[in-house]
Amino acid sequence: WTFVGIRHFIDILLSRDWPLSHPLSFGFTLFVTVFWTVSNVALHVGIGLGLALLLREPWVRLRTLWRVLLILPWAIPNYITALIWKTMFHVQYGAVNALLGMGGDPVELDWFGSFSTAFAANLITNTWLGFPFMMVVTLGALQAIPRELEEAAEVDGASWWTRFRHVVWPLLKPALLPAIILGSVWTFNMFNVIYLVSNGGPMGSTEILISDAYQWAFSGGNYYGYAAAYAVLIFVVLLIYSRFANRIAGRRML
């Protein structure tokens, strides 16, 4: 055993072992992780908010049934869902390629053969897992907003977008903003989807920080010290983000 002090941190942050553009470098993995988190949270909030606004309308039939069905992706353990989606993305026998090839020549797209398609497969899987949470939070907040406020704005000639922007959204933010912050932290550390769907491939290009730390510890030569340094850096990144999020929200959330 040799005490290395902060050498691992210096090697990681300065990319001494790998060029900055290499998939195994900390900088590249951090960029992928941030891109992964922002893309997922945007889709979670967009889809969840849209479905919640739709399901609160009285003209939608069987609203209770639709709510139950749309919560199921969130209720099923995420590792089971990840394995199901990985099978669906299979190059020869997957349901996704079968749907893409309906009515024409068979499609044998190798979803895990390039960064863009592998990242898209991970993104689709995690979006499926994450949008029900945002939908449930938004539905609960919408039920606390009196419809009379929107009706009064409509009588005054406000369009749907104006009513949403100036009446609904300000009343949604206190409930939705904490959910967005929590969802971003969960997505930042979403190990199961990355490991079970694409396994970080191809060539480690879709790894995020938490899965990369796991690979260094258990699949990359048992570099436990290197992986521990990764874990500390992940904590530092989330700590900085939590302070920034608290300032944006105007109160302590994390």
# chains A, B, ... in the order shown; residues from 1 in each chain; ligands from 1
$ residues_around --residues "A:Ser211" --least-positions-apart "2" --cutoff "9 Å" --atoms "only C-alpha atoms" --output "JSON, numbers by chain"
{"A": [189, 190, 191, 192, 194, 195, 199, 200, 207, 208, 209, 213, 214, 215, 216]}
$ residues_around --residues "stretch 147-157 of chain A" --least-positions-apart "3" --cutoff "8 Å" --atoms "only C-alpha atoms" --output "MDAnalysis selection string"
chainID A and resid 160 163 167:168
$ residues_around --residues "stretch 64-77 of chain A" --least-positions-apart "2" --cutoff "7 Å" --atoms "only C-alpha atoms" --output "list in words"
Leu62, Tyr79, Ile80, Thr81, Trp128, Leu129, Gly130, Pro132 and Phe133 of chain A
$ select_by_dssp --residues "stretch 54-198 of chain A" --states "alpha helix (DSSP H)" --output "PyMOL selection string"
chain A and resi 54-55+63-75+78-88+95-100+115-143+147-155+160-163+169-188+191-193
$ closest_residue --among "A:Leu49, A:Ala227, A:Leu182, A:Ala42" --to "A:Thr138" --atoms "only C-alpha atoms"
A:Leu49
$ residues_around --residues "stretch 34-38 of chain A" --least-positions-apart "2" --cutoff "8 Å" --atoms "only C-alpha atoms" --output "list in words"
Leu30, Phe31, Val32, Asn40, Val41, Ala42, Leu123, Ser184, Thr187 and Phe188 of chain A
$ write_last_selection --atoms "N, CA and C atoms" --output "mmCIF file, in the first residue's frame"
data_model
loop_
_atom_site.group_PDB
_atom_site.id
_atom_site.type_symbol
_atom_site.label_atom_id
_atom_site.label_comp_id
_atom_site.auth_asym_id
_atom_site.auth_seq_id
_atom_site.Cartn_x
_atom_site.Cartn_y
_atom_site.Cartn_z
ATOM 1 N N LEU A 30 -18.141 14.177 -17.208
ATOM 2 C CA LEU A 30 -18.931 15.224 -16.561
ATOM 3 C C LEU A 30 -19.846 15.909 -17.565
ATOM 4 N N PHE A 31 -19.343 16.184 -18.770
ATOM 5 C CA PHE A 31 -20.183 16.794 -19.804
ATOM 6 C C PHE A 31 -21.349 15.881 -20.156
ATOM 7 N N VAL A 32 -21.081 14.584 -20.341
ATOM 8 C CA VAL A 32 -22.155 13.636 -20.658
ATOM 9 C C VAL A 32 -23.164 13.573 -19.518
ATOM 10 N N ASN A 40 -32.949 14.694 -19.549
ATOM 11 C CA ASN A 40 -33.970 13.913 -18.863
ATOM 12 C C ASN A 40 -34.955 14.789 -18.101
ATOM 13 N N VAL A 41 -34.430 15.745 -17.340
ATOM 14 C CA VAL A 41 -35.316 16.594 -16.541
ATOM 15 C C VAL A 41 -36.234 17.412 -17.445
ATOM 16 N N ALA A 42 -35.713 17.900 -18.572
ATOM 17 C CA ALA A 42 -36.549 18.655 -19.502
ATOM 18 C C ALA A 42 -37.695 17.790 -20.031
ATOM 19 N N LEU A 123 -31.851 7.529 -22.775
ATOM 20 C CA LEU A 123 -32.733 8.665 -22.541
ATOM 21 C C LEU A 123 -34.201 8.252 -22.610
ATOM 22 N N SER A 184 -33.538 16.087 -10.667
ATOM 23 C CA SER A 184 -32.226 16.267 -11.286
ATOM 24 C C SER A 184 -31.146 15.538 -10.507
ATOM 25 N N THR A 187 -31.565 11.826 -11.280
ATOM 26 C CA THR A 187 -31.103 11.528 -12.637
ATOM 27 C C THR A 187 -29.589 11.604 -12.732
ATOM 28 N N PHE A 188 -28.985 12.548 -12.038
ATOM 29 C CA PHE A 188 -27.533 12.689 -12.033
ATOM 30 C C PHE A 188 -26.857 11.397 -11.566
#
